[in-house]
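Source file: structure15.tsv. Holds: TSV, C-alpha atoms.
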```tsv
chain	number	residue	atom	x	y	z
A	1	MET	CA	-32.11	13.17	-13.00
A	2	SER	CA	-32.96	10.09	-15.07
A	3	ASP	CA	-32.92	6.55	-13.72
A	4	PHE	CA	-29.74	5.89	-15.69
A	5	GLU	CA	-28.02	8.93	-14.22
A	6	ARG	CA	-29.13	7.89	-10.75
A	7	TRP	CA	-27.71	4.42	-11.41
A	8	ARG	CA	-24.37	5.91	-12.43
A	9	ALA	CA	-24.33	8.26	-9.46
A	10	GLY	CA	-25.12	5.27	-7.25
A	11	GLU	CA	-22.13	3.42	-8.61
A	12	ALA	CA	-19.90	6.41	-7.93
A	13	GLU	CA	-21.21	6.44	-4.37
A	14	LEU	CA	-20.51	2.72	-4.01
A	15	LEU	CA	-16.95	3.34	-5.19
A	16	ARG	CA	-16.52	6.17	-2.71
A	17	ARG	CA	-17.75	3.98	0.13
A	18	THR	CA	-15.53	1.12	-0.99
A	19	ALA	CA	-12.50	3.37	-0.89
A	20	GLN	CA	-13.43	4.16	2.71
A	21	GLY	CA	-13.42	0.49	3.60
A	22	ASP	CA	-17.14	-0.26	3.25
A	23	GLU	CA	-17.13	-3.97	2.54
A	24	SER	CA	-20.82	-4.17	1.68
A	25	ALA	CA	-20.41	-1.48	-1.00
A	26	PHE	CA	-17.51	-3.40	-2.46
A	27	GLY	CA	-19.53	-6.60	-2.34
A	28	GLU	CA	-22.29	-4.98	-4.37
A	29	ILE	CA	-19.90	-3.73	-7.05
A	30	TYR	CA	-18.14	-7.07	-7.17
A	31	ALA	CA	-21.38	-9.01	-7.49
A	32	ARG	CA	-22.55	-6.73	-10.30
A	33	HIS	CA	-19.41	-6.60	-12.39
A	34	SER	CA	-16.98	-9.38	-11.57
A	35	PRO	CA	-18.76	-12.10	-13.62
A	36	ALA	CA	-18.61	-9.99	-16.77
A	37	VAL	CA	-14.99	-8.98	-16.24
A	38	TYR	CA	-14.03	-12.58	-15.53
A	39	ARG	CA	-15.94	-13.91	-18.53
A	40	TYR	CA	-14.34	-11.33	-20.78
A	41	ALA	CA	-10.85	-12.14	-19.51
A	42	PHE	CA	-11.47	-15.87	-19.65
A	43	ARG	CA	-12.79	-15.72	-23.18
A	44	MET	CA	-9.85	-13.60	-24.22
A	45	THR	CA	-7.23	-15.84	-22.64
A	46	SER	CA	-8.88	-19.27	-22.38
A	47	SER	CA	-7.09	-19.48	-19.05
A	48	GLN	CA	-8.78	-19.46	-15.65
A	49	ASP	CA	-5.58	-18.44	-13.90
A	50	MET	CA	-4.98	-15.47	-16.15
A	51	ALA	CA	-8.63	-14.45	-16.01
A	52	GLU	CA	-8.57	-14.51	-12.21
A	53	GLU	CA	-5.39	-12.47	-12.21
A	54	VAL	CA	-7.09	-9.88	-14.39
A	55	VAL	CA	-10.14	-9.81	-12.10
A	56	GLN	CA	-7.92	-9.32	-9.10
A	57	ASP	CA	-6.02	-6.47	-10.73
A	58	VAL	CA	-9.19	-4.76	-11.94
A	59	PHE	CA	-10.99	-4.97	-8.61
A	60	LEU	CA	-7.94	-3.84	-6.71
A	61	GLN	CA	-8.49	-0.58	-8.56
A	62	VAL	CA	-12.08	-0.67	-7.34
A	63	VAL	CA	-10.86	-1.18	-3.79
A	64	LYS	CA	-8.76	1.94	-4.19
A	65	GLY	CA	-11.79	3.86	-5.43
A	66	CYS	CA	-11.13	3.93	-9.20
A	67	ARG	CA	-9.81	7.48	-9.13
A	68	GLY	CA	-9.81	7.65	-12.92
A	69	PHE	CA	-13.50	6.83	-13.17
A	70	ASP	CA	-15.86	9.64	-14.13
A	71	PRO	CA	-19.54	8.69	-14.18
A	72	ALA	CA	-20.20	11.56	-16.58
A	73	ILE	CA	-18.00	9.91	-19.21
A	74	GLY	CA	-19.37	6.39	-19.11
A	75	PRO	CA	-20.70	3.59	-16.95
A	76	LEU	CA	-18.53	1.74	-14.48
A	77	SER	CA	-18.84	-1.45	-16.51
A	78	SER	CA	-17.08	0.21	-19.46
A	79	TYR	CA	-14.39	1.54	-17.16
A	80	LEU	CA	-13.80	-1.91	-15.70
A	81	TYR	CA	-13.72	-3.50	-19.13
A	82	GLY	CA	-11.16	-0.88	-20.08
A	83	LEU	CA	-9.01	-1.77	-17.10
A	84	ALA	CA	-9.26	-5.45	-17.97
A	85	ARG	CA	-8.44	-4.71	-21.58
A	86	ASN	CA	-5.35	-2.72	-20.63
A	87	ARG	CA	-4.26	-5.54	-18.36
A	88	LEU	CA	-4.77	-8.08	-21.12
A	89	ALA	CA	-2.94	-5.93	-23.67
A	90	ARG	CA	0.14	-6.18	-21.47
A	91	LEU	CA	0.00	-9.95	-21.90
A	92	TRP	CA	0.44	-9.59	-25.65
A	93	PRO	CA	2.44	-6.41	-26.08
A	94	ASP	CA	3.61	-7.34	-29.55
A	95	GLN	CA	0.13	-7.65	-31.01
A	96	ALA	CA	-0.84	-4.01	-31.27
A	97	GLU	CA	-0.48	-4.21	-35.03
A	98	VAL	CA	-0.55	-7.46	-36.90
A	99	PRO	CA	-0.12	-8.25	-40.59
A	100	LEU	CA	-3.36	-9.33	-42.12
A	101	GLU	CA	-3.53	-12.67	-43.81
A	102	ASP	CA	-5.47	-13.65	-46.86
A	103	PHE	CA	-8.74	-14.94	-45.51
A	104	ASP	CA	-10.67	-15.48	-48.68
A	105	LEU	CA	-11.74	-19.06	-48.99
A	106	ALA	CA	-12.65	-20.83	-52.16
A	107	GLY	CA	-16.37	-21.42	-52.47
A	108	ASP	CA	-15.98	-25.17	-52.43
A	109	GLU	CA	-14.21	-25.32	-49.08
A	110	PRO	CA	-16.05	-27.70	-46.75
A	111	ASP	CA	-17.81	-26.44	-43.65
A	112	ALA	CA	-15.12	-26.89	-41.06
A	113	LEU	CA	-17.64	-27.43	-38.28
A	114	GLU	CA	-19.90	-29.88	-40.04
A	115	GLY	CA	-20.07	-33.29	-38.43
A	116	LEU	CA	-18.47	-32.24	-35.17
A	117	SER	CA	-20.23	-32.75	-31.88
A	118	ARG	CA	-21.19	-29.62	-30.02
A	119	GLY	CA	-18.28	-30.11	-27.61
A	120	GLN	CA	-15.84	-30.54	-30.49
A	121	GLN	CA	-17.20	-27.44	-32.19
A	122	VAL	CA	-16.84	-25.41	-29.04
A	123	GLU	CA	-13.28	-26.57	-28.53
A	124	ALA	CA	-12.33	-25.94	-32.15
A	125	VAL	CA	-13.80	-22.44	-32.11
A	126	ARG	CA	-12.27	-21.66	-28.73
A	127	THR	CA	-8.85	-22.57	-30.08
A	128	ALA	CA	-9.39	-20.55	-33.23
A	129	VAL	CA	-10.58	-17.49	-31.28
A	130	GLY	CA	-7.54	-17.76	-29.01
A	131	GLY	CA	-5.32	-17.64	-32.08
A	132	LEU	CA	-6.78	-14.43	-33.45
A	133	PRO	CA	-4.77	-11.23	-33.21
A	134	LEU	CA	-5.82	-9.18	-30.19
A	135	ALA	CA	-7.80	-6.51	-32.03
A	136	TYR	CA	-9.89	-9.14	-33.77
A	137	ARG	CA	-10.25	-11.41	-30.79
A	138	GLU	CA	-11.64	-8.46	-28.84
A	139	VAL	CA	-14.50	-7.81	-31.20
A	140	VAL	CA	-15.41	-11.49	-31.41
A	141	VAL	CA	-15.40	-11.78	-27.63
A	142	LEU	CA	-17.36	-8.56	-27.10
A	143	CYS	CA	-19.89	-8.84	-29.90
A	144	ASP	CA	-20.27	-12.58	-30.48
A	145	LEU	CA	-19.61	-13.99	-27.03
A	146	GLU	CA	-20.55	-11.12	-24.69
A	147	GLU	CA	-23.36	-10.13	-27.07
A	148	MET	CA	-22.48	-6.49	-26.72
A	149	SER	CA	-23.94	-4.09	-29.26
A	150	TYR	CA	-21.61	-2.63	-31.88
A	151	ALA	CA	-22.07	0.80	-30.32
A	152	ALA	CA	-21.18	-0.43	-26.82
A	153	ALA	CA	-18.17	-2.34	-28.12
A	154	ALA	CA	-17.07	0.71	-30.08
A	155	GLU	CA	-17.35	2.89	-26.97
A	156	MET	CA	-15.31	0.44	-24.97
A	157	LEU	CA	-12.65	0.03	-27.61
A	158	GLY	CA	-12.53	3.72	-28.41
A	159	VAL	CA	-13.21	3.22	-32.10
A	160	GLU	CA	-16.02	3.99	-34.51
A	161	THR	CA	-18.97	1.65	-34.76
A	162	GLY	CA	-18.08	0.99	-38.39
A	163	THR	CA	-14.62	-0.12	-37.33
A	164	VAL	CA	-16.14	-2.66	-34.96
A	165	ARG	CA	-18.39	-3.94	-37.70
A	166	SER	CA	-15.56	-4.29	-40.22
A	167	ARG	CA	-13.23	-5.88	-37.68
A	168	LEU	CA	-15.88	-8.37	-36.72
A	169	HIS	CA	-16.52	-9.28	-40.33
A	170	ARG	CA	-12.81	-9.77	-40.89
A	171	ALA	CA	-12.40	-11.67	-37.64
A	172	ARG	CA	-15.09	-14.16	-38.62
A	173	LYS	CA	-13.43	-14.72	-41.95
A	174	MET	CA	-10.15	-15.30	-40.13
A	175	LEU	CA	-11.84	-17.80	-37.87
A	176	LEU	CA	-13.26	-19.74	-40.78
A	177	ALA	CA	-9.95	-19.74	-42.57
A	178	ARG	CA	-8.12	-20.89	-39.46
A	179	LEU	CA	-10.62	-23.64	-38.81
A	180	VAL	CA	-10.34	-24.93	-42.38
A	181	ARG	CA	-6.56	-24.61	-42.47
A	182	SER	CA	-6.15	-26.32	-39.15
A	183	GLY	CA	-7.72	-29.38	-40.76
A	184	VAL	CA	-10.83	-29.39	-38.66
A	185	ARG	CA	-13.47	-31.24	-40.58
A	186	ILE	CA	-16.31	-28.94	-39.80
B	1	MET	CA	-20.93	-25.22	-49.58
B	2	ASN	CA	-21.41	-21.46	-49.82
B	3	GLY	CA	-19.97	-18.82	-47.53
B	4	ASP	CA	-23.28	-17.99	-45.85
B	5	LYS	CA	-23.75	-21.57	-44.73
B	6	ARG	CA	-20.21	-21.66	-43.31
B	7	MET	CA	-20.76	-18.38	-41.53
B	8	GLU	CA	-23.99	-19.72	-40.06
B	9	SER	CA	-22.15	-22.76	-38.74
B	10	LEU	CA	-19.51	-20.51	-37.23
B	11	GLU	CA	-22.10	-18.26	-35.57
B	12	THR	CA	-23.82	-21.30	-34.12
B	13	ALA	CA	-20.51	-22.59	-32.77
B	14	LEU	CA	-19.77	-19.16	-31.32
B	15	ARG	CA	-23.14	-19.17	-29.57
B	16	HIS	CA	-22.36	-22.57	-28.15
B	17	LEU	CA	-19.01	-21.29	-26.94
B	18	ALA	CA	-20.72	-18.29	-25.36
B	19	GLY	CA	-23.19	-20.61	-23.64
B	20	GLU	CA	-20.41	-22.83	-22.34
B	21	THR	CA	-18.67	-19.91	-20.68
B	22	ALA	CA	-21.72	-17.86	-19.69
B	23	GLY	CA	-21.70	-19.15	-16.15
B	24	ALA	CA	-17.97	-18.73	-15.62
B	25	ARG	CA	-17.18	-17.04	-12.31
B	26	PRO	CA	-13.91	-16.19	-10.59
B	27	ALA	CA	-12.95	-18.41	-7.67
B	28	ALA	CA	-14.32	-17.37	-4.29
B	29	ARG	CA	-10.81	-16.86	-2.93
B	30	ILE	CA	-10.40	-13.84	-5.24
B	31	GLU	CA	-13.34	-12.09	-3.60
B	32	THR	CA	-12.12	-13.10	-0.16
B	33	ALA	CA	-8.69	-11.59	-0.82
B	34	LEU	CA	-10.19	-8.40	-2.22
B	35	ARG	CA	-12.57	-8.02	0.72
B	36	ALA	CA	-9.61	-8.35	3.05
B	37	GLU	CA	-7.97	-5.52	1.11
B	38	VAL	CA	-11.10	-3.39	1.58
B	39	ARG	CA	-11.05	-4.03	5.32
B	40	ARG	CA	-7.37	-3.09	5.48
B	41	GLN	CA	-8.08	0.39	4.25
B	42	ARG	CA	-10.94	0.92	6.66
B	43	PRO	CA	-10.13	3.96	8.79
B	44	VAL	CA	-9.52	3.20	12.44
B	45	ARG	CA	-12.49	4.33	14.51
B	46	VAL	CA	-11.36	6.01	17.69
B	47	GLY	CA	-13.73	5.65	20.62
B	48	TRP	CA	-14.01	8.02	23.57
B	49	TRP	CA	-12.06	5.59	25.71
B	50	ALA	CA	-9.21	5.59	23.19
B	51	MET	CA	-9.22	9.38	23.15
B	52	ALA	CA	-9.13	9.41	26.93
B	53	ALA	CA	-6.27	6.92	26.95
B	54	ALA	CA	-4.36	9.00	24.41
B	55	ALA	CA	-4.90	12.15	26.47
B	56	ALA	CA	-3.67	10.38	29.57
B	57	ALA	CA	-0.61	9.15	27.70
B	58	VAL	CA	0.12	12.66	26.48
B	59	GLY	CA	-0.24	13.92	30.04
B	60	VAL	CA	2.17	11.34	31.41
B	61	VAL	CA	4.72	12.01	28.68
B	62	GLY	CA	4.37	15.74	29.20
B	63	PHE	CA	4.84	15.38	32.94
B	64	TRP	CA	7.99	13.34	32.55
B	65	THR	CA	9.31	15.69	29.88
B	66	LEU	CA	8.85	18.71	32.11
B	67	ARG	CA	10.24	16.83	35.06
B	68	ASP	CA	13.33	15.90	33.04
B	69	ARG	CA	13.79	19.50	32.02
B	70	GLU	CA	14.07	20.45	35.65
B	71	GLN	CA	16.88	18.02	36.14
B	72	PRO	CA	20.21	19.73	35.74
B	73	MET	CA	21.71	17.47	33.12
B	74	ALA	CA	23.02	20.19	30.81
B	75	VAL	CA	26.56	21.41	31.28
B	76	GLU	CA	26.45	25.11	31.67
B	77	THR	CA	29.90	26.22	32.75
B	78	ALA	CA	33.49	25.22	32.44
B	79	PRO	CA	34.54	22.58	34.91
B	80	VAL	CA	36.29	23.67	38.06
B	81	ALA	CA	38.18	21.79	40.70
B	82	ILE	CA	36.47	21.11	43.96
B	83	ALA	CA	37.74	22.90	47.03
B	84	GLU	CA	38.39	19.82	49.13
B	85	PRO	CA	37.98	16.10	49.07
B	86	VAL	CA	34.64	15.02	50.35
B	87	ALA	CA	34.30	12.25	52.82
B	88	GLU	CA	31.26	10.49	51.45
B	89	ILE	CA	32.54	10.36	47.89
B	90	PRO	CA	35.95	8.77	47.46
B	91	ALA	CA	38.63	10.96	46.00
B	92	VAL	CA	38.86	10.33	42.34
B	93	ASP	CA	42.08	8.99	41.00
B	94	VAL	CA	43.46	10.87	38.03
B	95	ALA	CA	45.21	8.37	35.85
B	96	GLU	CA	48.31	9.20	33.90
B	97	GLN	CA	46.73	8.25	30.62
B	98	VAL	CA	43.93	10.79	30.88
B	99	THR	CA	43.95	13.18	27.96
B	100	PRO	CA	44.77	16.84	28.62
B	101	ALA	CA	41.22	17.92	27.94
B	102	VAL	CA	39.90	15.50	30.46
B	103	ARG	CA	42.68	16.22	32.89
B	104	ARG	CA	41.62	19.83	33.02
B	105	ALA	CA	38.18	18.74	33.95
B	106	VAL	CA	38.81	15.88	36.28
B	107	LEU	CA	39.02	16.03	39.94
B	108	ARG	CA	42.62	16.80	40.85
B	109	PRO	CA	43.44	16.43	44.52
B	110	GLU	CA	46.68	18.29	44.06
B	111	ALA	CA	44.79	21.30	42.82
B	112	VAL	CA	42.66	21.47	45.88
B	113	ALA	CA	45.23	23.20	48.01
B	114	SER	CA	45.91	25.91	45.47
B	115	ARG	CA	42.27	26.70	45.26
B	116	ALA	CA	41.62	26.62	48.96
B	117	THR	CA	41.38	30.32	49.01
B	118	GLU	CA	38.43	30.29	46.72
B	119	GLN	CA	35.66	32.28	48.37
B	120	ARG	CA	32.82	30.03	47.43
B	121	GLU	CA	31.42	27.67	50.01
B	122	LEU	CA	30.43	24.21	48.92
B	123	THR	CA	27.96	21.94	50.60
B	124	PRO	CA	28.91	18.28	51.06
B	125	LEU	CA	28.42	16.00	48.07
B	126	THR	CA	25.06	14.33	48.12
B	127	PRO	CA	24.41	11.18	46.13
B	128	TRP	CA	22.56	11.80	42.89
B	129	TYR	CA	19.18	10.25	42.22
B	130	TYR	CA	19.32	6.55	41.62
B	131	SER	CA	23.10	6.46	41.94
B	132	ASP	CA	22.95	3.76	44.61
B	133	GLY	CA	24.44	0.58	43.28
B	134	LEU	CA	26.43	2.23	40.53
B	135	PRO	CA	30.12	1.28	40.50
B	136	LYS	CA	32.48	3.85	41.96
B	137	PRO	CA	34.10	5.76	39.13
B	138	ALA	CA	37.86	5.55	38.66
B	139	ARG	CA	37.80	9.03	37.20
B	140	GLY	CA	35.28	11.74	37.18
B	141	GLN	CA	34.47	15.24	36.15
B	142	ILE	CA	33.06	18.17	38.03
B	143	VAL	CA	30.79	20.47	36.15
B	144	THR	CA	29.22	23.62	37.46
B	145	ILE	CA	25.66	24.36	36.57
B	146	ARG	CA	22.57	26.07	37.91
B	147	VAL	CA	19.68	23.90	38.98
B	148	SER	CA	16.09	24.90	39.29
B	149	PRO	CA	14.62	25.62	42.73
B	150	ALA	CA	12.50	22.48	42.38
B	151	THR	CA	15.54	20.30	41.83
B	152	ALA	CA	17.46	22.04	44.61
B	153	GLY	CA	14.50	21.41	46.88
B	154	ARG	CA	14.80	17.67	46.29
B	155	PHE	CA	18.24	17.87	47.88
B	156	GLY	CA	17.07	19.95	50.79
B	157	VAL	CA	18.16	23.35	49.48
B	158	MET	CA	15.33	25.82	49.45
B	159	ALA	CA	15.63	28.67	46.99
B	160	ASP	CA	13.50	31.02	44.93
B	161	ALA	CA	15.87	31.22	42.02
B	162	PRO	CA	18.20	28.82	40.17
B	163	VAL	CA	20.97	27.64	42.47
B	164	PRO	CA	24.60	27.15	41.40
B	165	ALA	CA	25.75	23.60	41.96
B	166	GLN	CA	28.41	21.14	40.94
B	167	LEU	CA	27.85	17.69	39.63
B	168	LEU	CA	30.28	14.85	39.94
B	169	ILE	CA	30.01	12.84	36.76
B	170	GLY	CA	31.79	9.54	36.45
B	171	ASP	CA	33.83	8.56	33.44
B	172	ASP	CA	30.93	6.38	32.36
B	173	GLY	CA	28.90	9.56	31.89
B	174	LEU	CA	26.59	8.89	34.83
B	175	THR	CA	26.09	11.52	37.48
B	176	ARG	CA	27.08	10.33	40.94
B	177	ALA	CA	26.65	13.31	43.23
B	178	ILE	CA	25.71	16.94	43.53
B	179	ARG	CA	26.74	19.72	45.83
B	180	PHE	CA	25.60	23.27	46.01
B	181	ILE	CA	27.63	26.44	45.93
B	182	ARG	CA	26.85	29.17	48.40
B	183	GLU	CA	28.00	32.39	46.87
```

Show how you would write the structure in this file as structure tokens.
Amino acid sequence: MSDFERWRAGEAELLRRTAQGDESAFGEIYARHSPAVYRYAFRMTSSQDMAEEVVQDVFLQVVKGCRGFDPAIGPLSSYLYGLARNRLARLWPDQAEVPLEDFDLAGDEPDALEGLSRGQQVEAVRTAVGGLPLAYREVVVLCDLEEMSYAAAAEMLGVETGTVRSRLHRARKMLLARLVRSGVRI
Amino acid sequence: MNGDKRMESLETALRHLAGETAGARPAARIETALRAEVRRQRPVRVGWWAMAAAAAAVGVVGFWTLRDREQPMAVETAPVAIAEPVAEIPAVDVAEQVTPAVRRAVLRPEAVASRATEQRELTPLTPWYYSDGLPKPARGQIVTIRVSPATAGRFGVMADAPVPAQLLIGDDGLTRAIRFIRE
């Protein structure tokens, strides 16, 4: 058994112990995974309250032992991201499919972020990311903010790696267009 | 400004955004609440003393259950009139408004004479367990049953087999007295 397989088996064991009321096992899982789940939810929603609600829902499944989790299929982190993603999708049920806008910008458009302080840039981008349709926001959050590889993001989203790449490309163009159109002098 | 430059600016801003939120953590109260949930589903550990206590409780319940079974509370036969009024238990008044079904069962002094020839011999009525302090019933019912030798023994009647007896039950449903039938 490889180290990776042992790691996965160890996580399954931690889950089993958690379901039996072992608080230390739960504490270990929570310490390992809750920051990432919270960050993901917070970056998706820009809301601490909503992100905490997602964390609570996701880890309640952990408390119950994550009966749907199979270590042979994937790591626990992916499973937890999936739970968080499903929970978040319920917040925006009407965004499964969105019409795509025209994101091509003229070459002489100014850089929307030029001249802004770092704090202003962050706020402008945060707002723009929050306005992206769900499918595009996901790839930006996973690949650009969580720094997940295309392959890992694809596995989590259940799509091909090429789809992640093309969505990310399109999402960035959307972001630029939104920043310019929102009048931010970048 | 060309597209590459804009994209670079965007990627830089995204990195800044990632850095700003990299240290984000859920509030401690979330973990506290979840840990409480974990503790709630912890199985109850039963120690030897708890097992012993449970066994003792089962024993006590079993004893009382068996003891209750010995008590002749089930009506076994049709009610019959008593042969004669008994001194220690006041004669029961049969009110006019008693329904026919009850009237058949209640103590009827006027029926005593007609049944005087009955061959069975009845012992005097003896107060039932714990009947002290109960109000005297205005009406009552006599039921004939068989009681276990153990129960009969509590009233001073020694027997090896179930003993026929009559119970005087008040109209409140509480047994007041018992007497035994010598056949």

Distance criterion (all atoms listed in the file): nearest to Thr151 (chain B) out of B:Thr123, B:Ala18, B:Leu174, B:Phe180: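 Among the listed residues, B:Phe180 lies closest to Thr151 (chain B).
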
field: Expected answer as an MDAnalysis selection string: chain B residues within 12 Å of chain A, all atoms listed in the file
entry: chainID B and resid 1:45

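In this structure, CA of Ala135 (chain A) sits 7.9 Å away from CA of Arg167 (chain A).
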
message: Counting all atoms listed in the file, which residue out of A:Met50, A:Leu88, A:Ala12, A:Arg178 sits closest to Pro71 (chain A)?
response: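 Closest residue, counting all atoms listed in the file: A:Ala12.
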
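The two atoms in question, CA of Thr45 (chain A) and CA of Leu91 (chain A), are spaced 9.4 Å apart.
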
message: Can you measure CA of Thr163 (chain A) to CA of Leu80 (chain A) for me? One decimal in Å is fine.
response: 21.7 Å

task: Around the point (-19.5, -0.9, -18.8), in the coordinates given by the file, pick out the residues reaching within 10 Å, counting all atoms listed in the file, and return them as number ranges by chain.
output: A: 33, 36-37, 74-82, 152-153, 155-156

task: Excluding Pro162 (chain B) and any residue of its chain fewer than 5 positions from it, enumerate the residues within 6 Å of it, using all atoms listed in the file, and give them as a list in words.
output: Arg146, Val147, Ser148 and Pro149 of chain B

message: Which polymer residues, whether protein, DNA or RNA, lie within 12 Å of the coordinate (25.9, 37.6, 43.4) when you count all atoms listed in the file? List them as a PyMOL selection string, using the chain letters and numbers from the file.
response: chain B and resi 120+161+163-164+181-183

statement: Among A:Arg170, A:Arg85, A:Arg32, A:Arg137, Gly158 (chain A) is approached most closely, using only C-alpha atoms, by A:Arg85
